[in-house]
Structure formats: structure tokens, C-alpha cells
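Undergrad: You'll find entry07.cif just under this line, and it carries mmCIF, C-alpha atoms.
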```
data_run
#
loop_
_atom_site.label_atom_id
_atom_site.label_comp_id
_atom_site.auth_asym_id
_atom_site.auth_seq_id
_atom_site.Cartn_x
_atom_site.Cartn_y
_atom_site.Cartn_z
CA MET A 173 0.00 0.00 0.00
CA THR A 174 2.86 2.32 0.70
CA ASN A 175 5.80 3.01 -1.53
CA PRO A 176 9.14 4.72 -1.03
CA SER A 177 8.56 8.43 -0.92
CA TYR A 178 10.74 11.38 -1.83
CA ASP A 179 9.76 12.79 1.53
CA PRO A 180 10.85 10.07 3.98
CA ARG A 181 8.49 11.41 6.65
CA VAL A 182 5.46 10.54 4.59
CA ASN A 183 4.08 7.17 3.49
CA ARG A 184 2.20 7.38 0.22
CA LEU A 185 -0.83 5.41 -0.79
CA LYS A 186 -0.06 3.27 -3.81
CA LEU A 187 -3.27 3.27 -5.81
CA GLY A 188 -4.53 -0.19 -6.58
CA HIS A 189 -2.85 -1.93 -3.64
CA ALA A 190 -3.89 -2.31 -0.07
CA ASP A 191 -2.49 -3.66 3.16
CA ASP A 192 -4.06 -6.25 5.38
CA PRO A 193 -7.36 -4.99 6.69
CA VAL A 194 -7.72 -3.94 10.26
CA LYS A 195 -10.10 -6.26 12.03
CA ILE A 196 -12.61 -4.56 14.22
CA GLU A 197 -13.43 -6.66 17.24
CA GLU A 198 -16.91 -6.93 18.69
CA GLY A 199 -17.78 -3.73 20.54
CA GLU A 200 -14.75 -1.92 19.19
CA ASN A 201 -15.21 1.26 17.22
CA TRP A 202 -13.56 2.45 14.06
CA ASN A 203 -10.63 4.78 14.51
CA ILE A 204 -10.80 8.49 14.08
CA TYR A 205 -8.30 10.01 11.68
CA GLU A 206 -7.35 13.67 11.56
CA VAL A 207 -7.31 15.06 8.04
CA PHE A 208 -4.81 17.60 6.73
CA HIS A 209 -5.44 19.34 3.46
CA GLN A 210 -2.80 20.67 1.07
CA GLU A 211 -3.94 23.36 -1.32
CA LYS A 212 -0.92 23.37 -3.60
CA ARG A 213 2.38 21.58 -3.88
CA GLY A 214 4.88 22.75 -1.30
CA ALA A 215 2.22 24.45 0.81
CA HIS A 216 1.59 23.52 4.43
CA HIS A 217 -0.92 20.82 5.13
CA GLU A 218 -3.69 22.37 7.17
CA HIS A 219 -5.89 20.52 9.60
CA VAL A 220 -9.44 20.50 8.25
CA GLY A 221 -11.33 17.92 10.30
CA CYS A 222 -11.59 14.20 10.86
CA VAL A 223 -13.11 11.00 9.47
CA HIS A 224 -14.02 7.61 10.93
CA ALA A 225 -12.46 4.67 9.15
CA PRO A 226 -11.36 1.09 9.82
CA ASN A 227 -7.87 1.67 8.40
CA PRO A 228 -5.64 4.48 7.08
CA GLN A 229 -6.34 3.60 3.44
CA LEU A 230 -10.09 3.94 3.77
CA ALA A 231 -9.52 7.07 5.87
CA LEU A 232 -7.75 8.62 2.86
CA VAL A 233 -10.46 7.39 0.53
CA PHE A 234 -13.13 9.02 2.70
CA ALA A 235 -11.11 12.17 3.30
CA LYS A 236 -10.79 12.75 -0.44
CA GLU A 237 -14.54 13.15 -0.89
CA GLN A 238 -15.15 15.00 2.38
CA PHE A 239 -12.34 17.49 2.29
CA GLY A 240 -10.79 17.41 -1.19
CA ARG A 241 -13.93 18.11 -3.16
CA ARG A 242 -14.98 21.69 -2.51
CA LYS A 243 -11.81 23.72 -2.62
CA LYS A 244 -8.57 23.25 -4.48
CA CYS A 245 -6.60 20.27 -3.21
CA VAL A 246 -3.51 18.45 -4.43
CA ASN A 247 -2.95 16.04 -1.55
CA LEU A 248 -4.18 14.97 1.86
CA TRP A 249 -2.66 13.51 5.01
CA VAL A 250 -4.49 11.31 7.44
CA VAL A 251 -3.16 10.65 10.93
CA ARG A 252 -4.77 8.43 13.53
CA SER A 253 -6.03 10.82 16.18
CA ALA A 254 -4.72 8.47 18.87
CA ASP A 255 -1.18 8.98 17.52
CA ILE A 256 -1.24 12.68 18.27
CA LEU A 257 0.42 13.79 21.48
CA ALA A 258 -0.85 16.98 23.09
CA PHE A 259 -0.47 18.86 26.34
CA ASP A 260 -3.02 18.46 29.04
CA LEU A 261 -5.68 21.15 29.06
CA GLU A 262 -4.80 22.14 32.61
CA ASP A 263 -1.23 22.93 31.56
CA GLU A 264 -2.41 25.79 29.41
CA ASP A 265 -0.82 28.15 31.94
CA MET A 266 2.59 27.23 30.50
CA PHE A 267 1.71 29.32 27.50
CA ALA A 268 0.48 32.35 29.39
CA GLY A 269 2.41 35.41 28.24
CA ASN A 270 4.81 36.83 30.80
CA LEU A 271 4.46 40.58 30.69
CA GLU A 272 8.08 41.03 31.70
CA LYS A 273 9.33 39.10 28.70
CA THR A 274 7.76 41.10 25.90
CA TYR A 275 11.27 41.59 24.56
CA ARG A 276 10.97 37.97 23.38
CA ASP A 277 8.01 38.75 21.12
CA ALA A 278 9.01 38.98 17.50
CA SER A 279 7.51 42.42 17.12
CA GLY A 280 8.44 46.01 17.68
CA PHE A 281 11.36 46.00 15.32
CA LYS A 282 11.43 49.19 13.34
CA VAL A 283 12.24 47.87 9.92
CA MET A 284 9.73 49.64 7.69
CA GLU A 285 11.99 52.68 7.41
CA LYS A 286 14.80 50.54 6.05
CA ILE A 287 12.50 48.63 3.71
CA ASN A 288 11.04 51.81 2.30
CA LYS A 289 14.51 53.20 1.82
CA VAL A 290 15.57 50.14 -0.19
CA LYS A 291 12.34 50.27 -2.21
CA GLY A 292 12.91 53.95 -2.94
CA ALA A 293 16.42 53.23 -4.11
CA ALA A 294 15.18 50.46 -6.38
CA LYS A 295 12.65 52.81 -7.98
CA GLN A 296 15.26 55.45 -8.71
CA ALA A 297 17.55 52.94 -10.39
CA PRO A 298 15.24 50.64 -12.40
CA GLY A 299 16.80 47.45 -13.68
CA LYS A 300 19.58 47.49 -11.13
CA ALA A 301 17.51 46.35 -8.14
CA MET B 202 -16.64 6.55 -39.67
CA ASN B 203 -19.85 4.72 -38.97
CA GLN B 204 -21.84 7.45 -37.19
CA GLN B 205 -24.71 5.17 -36.16
CA ALA B 206 -22.35 2.65 -34.60
CA ILE B 207 -20.54 5.37 -32.65
CA SER B 208 -23.83 6.83 -31.50
CA ASP B 209 -25.02 3.41 -30.30
CA LEU B 210 -21.78 2.89 -28.41
CA ILE B 211 -22.21 6.25 -26.69
CA THR B 212 -25.86 5.54 -25.89
CA LYS B 213 -25.15 2.24 -24.16
CA MET B 214 -22.29 3.76 -22.15
CA ALA B 215 -24.36 6.77 -21.14
CA ASP B 216 -27.48 4.74 -20.30
CA ASP B 217 -25.42 2.50 -18.00
CA GLU B 218 -24.04 5.52 -16.18
CA LEU B 219 -27.35 7.35 -15.95
CA VAL B 220 -29.23 4.35 -14.55
CA LEU B 221 -26.50 3.25 -12.14
CA GLY B 222 -25.95 6.85 -11.04
CA HIS B 223 -29.62 7.04 -10.10
CA ARG B 224 -29.59 3.65 -8.43
CA ASN B 225 -26.54 4.49 -6.32
CA SER B 226 -27.98 7.87 -5.37
CA GLU B 227 -30.78 5.93 -3.64
CA TRP B 228 -28.21 5.31 -0.88
CA THR B 229 -27.87 9.01 -0.13
CA GLY B 230 -28.76 9.48 3.52
CA LEU B 231 -28.90 5.72 4.09
CA GLY B 232 -25.22 4.78 3.73
CA PRO B 233 -23.62 2.63 6.43
CA VAL B 234 -21.52 5.48 7.84
CA MET B 235 -21.58 9.17 7.09
CA GLU B 236 -18.16 9.22 5.40
CA GLU B 237 -19.15 6.41 3.07
CA ASP B 238 -22.54 7.96 2.42
CA ILE B 239 -20.84 11.12 1.18
CA ALA B 240 -18.27 9.26 -0.93
CA PHE B 241 -20.84 6.95 -2.53
CA SER B 242 -23.27 9.79 -3.23
CA SER B 243 -20.50 11.83 -4.75
CA MET B 244 -19.55 9.02 -7.11
CA ALA B 245 -23.20 8.53 -8.07
CA GLN B 246 -23.26 12.18 -9.00
CA ASP B 247 -20.06 11.70 -11.02
CA GLN B 248 -21.75 8.96 -13.02
CA ILE B 249 -24.75 11.06 -13.88
CA GLY B 250 -22.23 13.69 -14.97
CA HIS B 251 -20.53 11.15 -17.24
CA ALA B 252 -23.91 10.31 -18.77
CA LEU B 253 -24.59 13.98 -19.46
CA ALA B 254 -21.16 14.43 -21.03
CA LEU B 255 -21.82 11.48 -23.35
CA TYR B 256 -25.33 12.61 -24.35
CA ARG B 257 -23.81 16.04 -25.03
CA ILE B 258 -21.29 14.54 -27.43
CA GLN B 259 -24.22 13.07 -29.35
CA GLU B 260 -25.99 16.40 -29.32
CA GLU B 261 -23.04 18.57 -30.26
CA HIS B 262 -21.08 16.32 -32.60
CA MET B 263 -23.67 13.99 -34.06
CA GLY B 264 -26.87 16.00 -34.35
CA GLY B 265 -28.42 14.08 -31.45
CA PRO B 266 -31.42 15.12 -29.35
CA ASP B 267 -31.51 17.34 -26.26
CA PRO B 268 -29.83 15.37 -23.43
CA ASP B 269 -32.63 15.96 -20.88
CA ALA B 270 -35.34 14.77 -23.24
CA PHE B 271 -33.22 11.82 -24.38
CA ALA B 272 -32.44 10.79 -20.80
CA PHE B 273 -35.86 11.26 -19.22
CA LEU B 274 -38.54 10.96 -21.89
CA ARG B 275 -37.35 7.91 -23.83
CA PRO B 276 -39.33 4.65 -23.52
CA ALA B 277 -37.59 1.75 -21.74
CA ALA B 278 -37.30 -0.31 -24.93
CA GLU B 279 -35.06 2.38 -26.42
CA PHE B 280 -32.63 2.23 -23.50
CA LYS B 281 -29.45 0.27 -24.11
CA CYS B 282 -28.31 -0.19 -20.50
CA CYS B 283 -27.24 -3.60 -19.24
CA HIS B 284 -29.21 -5.55 -16.63
CA LEU B 285 -26.58 -5.06 -13.92
CA VAL B 286 -27.35 -1.36 -13.52
CA GLU B 287 -31.12 -1.87 -13.48
CA MET B 288 -31.22 -4.05 -10.38
CA PRO B 289 -32.54 -2.48 -7.16
CA ILE B 290 -29.88 -1.43 -4.67
CA GLY B 291 -30.48 -4.44 -2.40
CA SER B 292 -28.21 -4.43 0.63
CA TYR B 293 -24.87 -2.68 0.79
CA ASP B 294 -22.84 -5.79 -0.08
CA PHE B 295 -24.68 -6.02 -3.41
CA SER B 296 -24.34 -2.31 -4.17
CA LEU B 297 -20.63 -2.27 -3.30
CA MET B 298 -19.92 -5.34 -5.41
CA ARG B 299 -21.86 -3.87 -8.33
CA HIS B 300 -19.89 -0.63 -7.92
CA PHE B 301 -16.62 -2.59 -7.94
CA LEU B 302 -17.48 -4.62 -11.04
CA PHE B 303 -19.04 -1.75 -12.95
CA ASP B 304 -16.42 0.89 -12.21
CA HIS B 305 -13.60 -1.42 -13.21
CA ALA B 306 -15.44 -2.06 -16.48
CA GLU B 307 -15.86 1.67 -16.93
CA ALA B 308 -12.19 2.32 -16.18
CA VAL B 309 -11.08 -0.26 -18.76
CA ARG B 310 -13.44 1.21 -21.36
CA TYR B 311 -12.35 4.81 -20.86
CA GLU B 312 -8.72 3.78 -20.76
CA SER B 313 -9.13 2.26 -24.22
CA LEU B 314 -10.86 5.43 -25.42
CA LEU B 315 -7.68 7.41 -24.72
CA GLN B 316 -6.59 5.99 -28.10
CA SER B 317 -9.92 6.49 -29.87
CA GLU B 318 -9.95 7.98 -33.35
CA PHE B 319 -13.21 9.70 -32.41
CA ALA B 320 -11.82 12.88 -30.85
CA PRO B 321 -14.74 13.80 -28.54
CA LEU B 322 -14.56 10.41 -26.82
CA GLN B 323 -10.81 10.64 -26.55
CA GLN B 324 -11.07 14.06 -24.90
CA LEU B 325 -13.74 12.87 -22.48
CA ALA B 326 -11.61 9.85 -21.54
CA ARG B 327 -8.74 12.19 -20.69
CA LYS B 328 -11.00 14.38 -18.60
CA LEU B 329 -12.46 11.50 -16.57
CA LYS B 330 -9.21 9.68 -15.88
CA GLY B 331 -8.64 11.06 -12.38
CA GLU B 332 -12.24 10.58 -11.35
CA LEU B 333 -12.26 6.94 -12.42
CA LYS B 334 -9.01 6.37 -10.56
CA TYR B 335 -10.75 7.41 -7.37
CA HIS B 336 -13.79 5.24 -8.07
CA THR B 337 -11.74 2.06 -8.47
CA LEU B 338 -9.54 2.97 -5.49
CA HIS B 339 -12.65 3.34 -3.36
CA ALA B 340 -14.13 0.08 -4.62
CA ASP B 341 -10.88 -1.88 -4.21
CA ALA B 342 -10.33 -0.63 -0.66
CA TRP B 343 -13.80 -1.82 0.35
CA ILE B 344 -13.58 -5.17 -1.42
CA LEU B 345 -10.27 -5.88 0.30
CA GLN B 346 -11.46 -4.71 3.69
CA LEU B 347 -14.72 -6.68 3.64
CA GLY B 348 -13.36 -9.72 1.82
CA ARG B 349 -10.53 -10.15 4.28
CA ALA B 350 -12.54 -9.37 7.38
CA GLY B 351 -13.77 -12.98 7.47
CA GLY B 352 -17.00 -14.36 8.95
CA GLU B 353 -20.29 -12.89 7.83
CA SER B 354 -18.53 -10.10 5.98
CA TYR B 355 -16.66 -12.54 3.75
CA GLU B 356 -19.71 -14.71 3.13
CA ARG B 357 -21.84 -11.76 2.10
CA MET B 358 -19.21 -10.41 -0.26
CA GLN B 359 -18.78 -13.82 -1.89
CA ALA B 360 -22.56 -14.17 -2.26
CA ALA B 361 -22.75 -10.67 -3.74
CA LEU B 362 -19.99 -11.54 -6.19
CA ASP B 363 -21.79 -14.73 -7.26
CA THR B 364 -24.98 -12.72 -7.84
CA CYS B 365 -23.35 -9.78 -9.59
CA PHE B 366 -20.83 -11.54 -11.78
CA PRO B 367 -23.15 -12.92 -14.52
CA LEU B 368 -24.96 -9.59 -14.55
CA ALA B 369 -21.68 -7.70 -14.87
CA CYS B 370 -20.55 -9.91 -17.75
CA GLY B 371 -23.61 -8.51 -19.54
CA ILE B 372 -21.83 -5.14 -19.69
CA PHE B 373 -19.75 -6.67 -22.47
CA GLU B 374 -22.61 -7.98 -24.59
CA PRO B 375 -21.25 -8.04 -28.16
CA GLY B 376 -22.67 -5.36 -30.42
CA GLU B 377 -23.55 -5.83 -34.09
CA ALA B 378 -21.29 -2.97 -35.15
CA ASP B 379 -18.30 -3.91 -32.95
CA GLN B 380 -16.17 -4.96 -35.90
CA ALA B 381 -16.82 -1.69 -37.73
CA LEU B 382 -15.87 0.27 -34.60
CA ILE B 383 -12.71 -1.80 -34.18
CA ASN B 384 -11.76 -1.25 -37.84
CA ASP B 385 -12.20 2.51 -37.44
CA ASN B 386 -10.14 2.51 -34.21
CA ILE B 387 -13.04 3.92 -32.23
CA TYR B 388 -12.57 1.36 -29.46
CA PRO B 389 -11.12 -2.16 -29.20
CA GLY B 390 -14.47 -3.97 -29.03
CA GLU B 391 -16.33 -5.68 -26.19
CA LYS B 392 -14.36 -8.92 -26.28
CA VAL B 393 -11.01 -7.20 -25.65
CA LEU B 394 -12.46 -4.99 -22.91
CA TYR B 395 -14.03 -8.04 -21.28
CA GLU B 396 -10.65 -9.82 -21.12
CA ARG B 397 -8.90 -6.77 -19.67
CA TRP B 398 -11.67 -6.34 -17.13
CA LEU B 399 -11.42 -9.98 -16.01
CA ASP B 400 -7.67 -9.51 -15.47
CA ASN B 401 -8.15 -6.37 -13.41
CA ILE B 402 -10.94 -7.59 -11.16
CA TYR B 403 -9.28 -10.96 -10.68
CA ARG B 404 -6.18 -9.27 -9.29
CA VAL B 405 -8.21 -7.54 -6.58
CA LEU B 406 -10.53 -10.46 -5.84
CA VAL B 407 -7.60 -12.80 -5.27
CA LYS B 408 -6.16 -10.43 -2.67
CA ALA B 409 -9.53 -10.33 -0.97
CA SER B 410 -9.63 -14.18 -1.04
CA LEU B 411 -12.89 -14.00 -3.00
CA ASN B 412 -13.53 -16.67 -5.63
CA MET B 413 -14.31 -15.28 -9.04
CA PRO B 414 -16.91 -17.53 -10.73
CA ASP B 415 -15.63 -19.36 -13.78
CA PRO B 416 -16.56 -17.14 -16.74
CA ALA B 417 -17.11 -20.26 -18.86
CA ALA B 418 -19.61 -21.67 -16.39
CA ILE B 419 -21.99 -18.73 -16.12
CA THR B 420 -24.61 -17.30 -18.46
CA PRO B 421 -24.00 -13.58 -18.99
CA ALA B 422 -27.11 -11.41 -18.62
CA TYR B 423 -27.43 -10.25 -22.21
CA GLY B 424 -30.29 -8.41 -23.88
CA GLY B 425 -30.00 -4.93 -22.40
CA ARG B 426 -28.01 -3.58 -25.34
CA TYR B 427 -30.89 -4.59 -27.62
CA GLY B 428 -33.65 -3.04 -25.53
CA GLN B 429 -34.67 -6.16 -23.57
CA HIS B 430 -34.74 -5.16 -19.93
CA THR B 431 -35.56 -6.49 -16.49
CA PRO B 432 -38.89 -5.45 -14.92
CA HIS B 433 -36.90 -3.10 -12.67
CA LEU B 434 -36.07 -0.55 -15.35
CA GLN B 435 -39.52 0.81 -16.19
CA PRO B 436 -40.46 1.91 -12.64
CA LEU B 437 -37.04 3.51 -12.25
CA LEU B 438 -37.40 5.48 -15.49
CA GLU B 439 -40.85 6.64 -14.41
CA GLU B 440 -39.42 7.96 -11.16
CA MET B 441 -36.41 9.57 -12.83
CA GLY B 442 -38.52 11.42 -15.37
CA ALA B 443 -41.47 12.28 -13.10
CA VAL B 444 -40.55 15.92 -12.59
CA LEU B 445 -39.55 16.61 -16.18
CA ARG B 446 -42.79 15.09 -17.48
CA LEU B 447 -44.87 17.50 -15.39
CA ASP B 448 -43.94 20.12 -17.97
CA PRO B 449 -41.33 19.03 -20.51
CA ALA B 450 -41.18 22.54 -22.00
CA ALA B 451 -40.51 24.31 -18.70
CA ARG B 452 -37.30 26.32 -18.50
CA TRP B 453 -35.18 25.73 -15.39
#
```
Could you render the structure as C-alpha cells?
TA:
Amino acid sequence: MTNPSYDPRVNRLKLGHADDPVKIEEGENWNIYEVFHQEKRGAHHEHVGCVHAPNPQLALVFAKEQFGRRKKCVNLWVVRSADILAFDLEDEDMFAGNLEKTYRDASGFKVMEKINKVKGAAKQAPGKA
Amino acid sequence: MNQQAISDLITKMADDELVLGHRNSEWTGLGPVMEEDIAFSSMAQDQIGHALALYRIQEEHMGGPDPDAFAFLRPAAEFKCCHLVEMPIGSYDFSLMRHFLFDHAEAVRYESLLQSEFAPLQQLARKLKGELKYHTLHADAWILQLGRAGGESYERMQAALDTCFPLACGIFEPGEADQALINDNIYPGEKVLYERWLDNIYRVLVKASLNMPDPAAITPAYGGRYGQHTPHLQPLLEEMGAVLRLDPAARW
């Protein structure tokens, strides 16, 4: 089902082949897969929602019609929700901004003056920019 | 080129897609899980779209009738669809197996049309390539999943295959003008497509441990291409055309 990929982080579905099916035991539910949508090649995959499926292959098959149909799409990722590691909700305080560390924020740099200066120079000397 | 033969070829292809598209759309809202409901409905819609594209080729390139009138006001005896597509949806095992067998047949047919000397069909085949790829991927994934899941699942898929297979062989009912179409390089003829189809479905069925019936031991459900249909077609056509017949001249 998967084939060697140029991007070693990603397994790719080989159309026309499939792995062994996942057997769902009595009382067990299908897995939930998170779906990530890629609008064009090289762009970030963005999380768009989830699907229920018995295996990753069918998750991709379902995701294609649910999330790849309305807007432009060149590829999708599916990831078993259970494979995602996240912080506990109660640890949200770790992220609370510390007012005394605003110097760490990537803002407040006065660069526009410099940018405008470079732009101005480029305009005055067309072709050399 | 034999215009009548090409037109008949297009009619049988389009009628199959129109009727099966409507049949499969009967699952909308009733599918086994929401994700599958959406995927199956979407593919049903695709098939009705393929039918429209084919009727349009007749209209625009061959002086054929208006696609809506041709699709919805024609008597059953003038339809050229095969018996497989006429059957009621039954349970999901039947509908999935029919989808698997039909969409592989469709994929093989359109693949051959990529080389057709009749340009409109060649262009359509190019346009539908990606869509058909998804349809067979979807069908294969399900056949493998349910065939290999064992127990009741396996038994029902095997039973569905035994029921559907002779019907599906009827897709490839030989046409009177096949040789003329082959000579003109319109398409390779039903016999060749049938062999390619058997190869393709066999490859998937084996992986799913499903036993393909011996093609020599079954009687293909022929007749549809010549206007002989099952009793299931007429009521379906009546339902499909009910709204249009209220006022065929209405503008939408």
C-alpha cells in the first residue's frame, strides 16, 4: 500500500494496492483520523477535520470526498487521532504570556523605514535592483 | 466513420451511467456510515455527470437530441443499458460489489478510449481519468477490507460476487457494429475490454480471497443492449422522469 517516498516522513498510498485490513473486534469502534489538506504543492498541510475509518487507506479514501472536493486540493494527510500527542488542558498556563518578557516577542522591530529606503532606491535605479 | 455505430456505443455507455448513477444515489442518507454515504453519493453524481457528457457529445457532434429529453422521456425499450445497472440497490454488499465490477469495467473502457480515433470520446476519456481512478480505489479498498474481514462479511461479499458476476458480464454484450468500430479505431471492441476487465478484477478479488466464478460456467445477462430489460427498469425510469414530465417545455 505504501511506496518509497521522496519525503521520507510521509508514506504514500499506492493506488490499486492495499495492506491487510484492520479487524474490528466486537464492541470496538472504528478509529478516528485527523485530516490535513494541502492546497498546492509545497504548501503547508492544514488541519481541516476528521473522518471515521477502519484503516488508514479507507480514511484517505473518505477524506478525499469530504475534504478534497470543494476547494482546491492536491494532496491529503491522514493521521490516527490516537497517535497525536498533546499537552493536558490544565497545563495551558505554561503558554500564558509573561508581561516582563515582551522583549521575546518577534515584534516592535522598526524595519519599515529601512524597507522603504531600499524600495525607494530600487525605484530610482530601475533594472539594477 | 460509422456514425450510427458510434452513437449506439455512446448511448449504451451513457445509459449504464445514468441508470446506475440514479440507483446508487438511492443510498444518499442511508449509507452505512456518514463518510461512506458522502463518498458513494458523490460518485453517483459523477456517473450522472458522465452520462450527461456522453449525451452532449451526441448532441453537439452527431446531431443528437436534447440530453434531458433523451435521458428522461425515452421509452424503456429504447434504453441500451445492461441488466446489472437496473437491479434495485439491495443491501450494501450487493451495491458495493456492483460498484466494484461496474467501475472497473468503466475504467477499462475509458482507458481504451484514450486511443480512440473519435476525438470527442478521446477528450472525455482524458477528462475523466482522475475521477475513475478514485472510483476504483474506493471500490478496491472496500472489497479488500470486507473480503478479508472474514466471517459474515466474507460470506456476504462472496454471495454478492456470485450474484453480480453474470450480470456484470452482460456489460460486455457483443454489439452488431463492434467490428466496424474496431476497424475505425473507435474502441477495441467488447471482447477485448471483457478480457482486460477480467484480469483487473481478478487481481483484486484474489487479494480479498474471493472466488471469481468461472466465466465459462456462467450465463452472462445479455439483452439490455438490444432493448430487452428487467422489470426493474420501467419503474425507475418513471421515477427519474417524473418531474420533467410535469412540464417538458418548462425552462429551469
Undergrad: Skipping near chain neighbours, those fewer than 2 positions away, what residues fall within 6 Å of range 274-287 of chain B using only C-alpha atoms, listed as an mmCIF file with C-alpha atoms, in the coordinates of the input?
TA:
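Written out: out.cif:
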```cif
data_model
loop_
_atom_site.group_PDB
_atom_site.id
_atom_site.type_symbol
_atom_site.label_atom_id
_atom_site.label_comp_id
_atom_site.auth_asym_id
_atom_site.auth_seq_id
_atom_site.Cartn_x
_atom_site.Cartn_y
_atom_site.Cartn_z
ATOM 1 C CA LYS B 213 -25.150 2.240 -24.160
ATOM 2 C CA ASP B 216 -27.480 4.740 -20.300
ATOM 3 C CA ASP B 217 -25.420 2.500 -18.000
ATOM 4 C CA LEU B 221 -26.500 3.250 -12.140
ATOM 5 C CA ALA B 270 -35.340 14.770 -23.240
ATOM 6 C CA PHE B 271 -33.220 11.820 -24.380
ATOM 7 C CA LEU B 368 -24.960 -9.590 -14.550
ATOM 8 C CA ALA B 369 -21.680 -7.700 -14.870
ATOM 9 C CA ILE B 372 -21.830 -5.140 -19.690
ATOM 10 C CA GLY B 425 -30.000 -4.930 -22.400
ATOM 11 C CA ARG B 426 -28.010 -3.580 -25.340
ATOM 12 C CA GLY B 428 -33.650 -3.040 -25.530
ATOM 13 C CA HIS B 433 -36.900 -3.100 -12.670
ATOM 14 C CA LEU B 434 -36.070 -0.550 -15.350
ATOM 15 C CA GLN B 435 -39.520 0.810 -16.190
#
```
Undergrad: Could you tell me how far CA of Ile383 in chain B sits from CA of Gln204 in chain B, in Å to one decimal place?
TA: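 Going from CA of Gln204 in chain B over to CA of Ile383 in chain B covers 13.3 Å.
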Undergrad: Provide as a ChimeraX atom specification the residues of chain B at most 10 Å from chain A, counting all atoms listed in the file.
TA: /B:234-244,334-343,345-351,401,404-405,408-409
Undergrad: Go through the shown structure with the PyMOL selection byres ((chain A and resi 242-259) around 7) and write out the matching residues as a PDB file with C-alpha atoms, in the frame of the given file.
TA:
```
ATOM      1  CA  ASN A 203     -10.630   4.780  14.510  1.00  0.00           C
ATOM      2  CA  ILE A 204     -10.800   8.490  14.080  1.00  0.00           C
ATOM      3  CA  TYR A 205      -8.300  10.010  11.680  1.00  0.00           C
ATOM      4  CA  GLU A 206      -7.350  13.670  11.560  1.00  0.00           C
ATOM      5  CA  VAL A 207      -7.310  15.060   8.040  1.00  0.00           C
ATOM      6  CA  PHE A 208      -4.810  17.600   6.730  1.00  0.00           C
ATOM      7  CA  HIS A 209      -5.440  19.340   3.460  1.00  0.00           C
ATOM      8  CA  GLN A 210      -2.800  20.670   1.070  1.00  0.00           C
ATOM      9  CA  GLU A 211      -3.940  23.360  -1.320  1.00  0.00           C
ATOM     10  CA  LYS A 212      -0.920  23.370  -3.600  1.00  0.00           C
ATOM     11  CA  ARG A 213       2.380  21.580  -3.880  1.00  0.00           C
ATOM     12  CA  PRO A 228      -5.640   4.480   7.080  1.00  0.00           C
ATOM     13  CA  ALA A 231      -9.520   7.070   5.870  1.00  0.00           C
ATOM     14  CA  LEU A 232      -7.750   8.620   2.860  1.00  0.00           C
ATOM     15  CA  PHE A 239     -12.340  17.490   2.290  1.00  0.00           C
ATOM     16  CA  GLY A 240     -10.790  17.410  -1.190  1.00  0.00           C
ATOM     17  CA  ARG A 241     -13.930  18.110  -3.160  1.00  0.00           C
ATOM     18  CA  ASP A 260      -3.020  18.460  29.040  1.00  0.00           C
ATOM     19  CA  LEU A 261      -5.680  21.150  29.060  1.00  0.00           C
ATOM     20  CA  ASP A 263      -1.230  22.930  31.560  1.00  0.00           C
TER      21      ASP A 263
END
```
Undergrad: Considering all atoms listed in the file, state which residue in the set B:Met263, B:Met298, B:Ala451, B:Cys370 is at the smallest distance from Gln205 in chain B.
TA: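 Answer, going by the shortest atom-to-atom distance: B:Met263.
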Undergrad: Enumerate, as a ChimeraX atom specification, the residues matched when the PyMOL selection byres ((chain B and resi 318) around 12) is run on the file above.
TA: /B:202-203,207,313-317,319-324,382-389
Undergrad: Residues of the last selection are to be written out with C-alpha atoms, as a short mmCIF file (atom, residue, chain, number, x, y, z; two decimals), keeping the file's coordinate frame.
TA:
```
data_model
loop_
_atom_site.label_atom_id
_atom_site.label_comp_id
_atom_site.auth_asym_id
_atom_site.auth_seq_id
_atom_site.Cartn_x
_atom_site.Cartn_y
_atom_site.Cartn_z
CA MET B 202 -16.64 6.55 -39.67
CA ASN B 203 -19.85 4.72 -38.97
CA ILE B 207 -20.54 5.37 -32.65
CA SER B 313 -9.13 2.26 -24.22
CA LEU B 314 -10.86 5.43 -25.42
CA LEU B 315 -7.68 7.41 -24.72
CA GLN B 316 -6.59 5.99 -28.10
CA SER B 317 -9.92 6.49 -29.87
CA PHE B 319 -13.21 9.70 -32.41
CA ALA B 320 -11.82 12.88 -30.85
CA PRO B 321 -14.74 13.80 -28.54
CA LEU B 322 -14.56 10.41 -26.82
CA GLN B 323 -10.81 10.64 -26.55
CA GLN B 324 -11.07 14.06 -24.90
CA LEU B 382 -15.87 0.27 -34.60
CA ILE B 383 -12.71 -1.80 -34.18
CA ASN B 384 -11.76 -1.25 -37.84
CA ASP B 385 -12.20 2.51 -37.44
CA ASN B 386 -10.14 2.51 -34.21
CA ILE B 387 -13.04 3.92 -32.23
CA TYR B 388 -12.57 1.36 -29.46
CA PRO B 389 -11.12 -2.16 -29.20
#
```
Undergrad: Could you state the separation of CA of Gln380 in chain B and CA of Ala206 in chain B in Å, given to one decimal place?
TA: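 Interatomic distance, CA of Gln380 in chain B to CA of Ala206 in chain B: 9.9 Å.
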Undergrad: Just to confirm, what's the straight-line distance from CA of Thr212 in chain B to CA of Pro266 in chain B in Å (one decimal)?
TA: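 Separation of CA of Thr212 in chain B and CA of Pro266 in chain B: 11.6 Å.
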Undergrad: Selection in question (the file shown): the PyMOL selection byres ((chain B and resi 290) around 12). Which residues does it include, as a count of residues only?
TA: 31
Undergrad: Out of B:Ile258, B:Glu218, B:Val309, B:Arg452, which residue has the shortest atom-to-atom distance to Leu394 in chain B when counting all atoms listed in the file?
TA: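 Residue with the minimum atom-to-atom distance to Leu394 in chain B: B:Val309.
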Undergrad: At a cut-off of 12 Å around the point (-7.6, -7.7, -20.7) (file coordinates), what residues fall inside when counting all atoms listed in the file? I'd like the answer as an MDAnalysis selection string.
TA: chainID B and resid 305:306 308:310 312:313 389:404
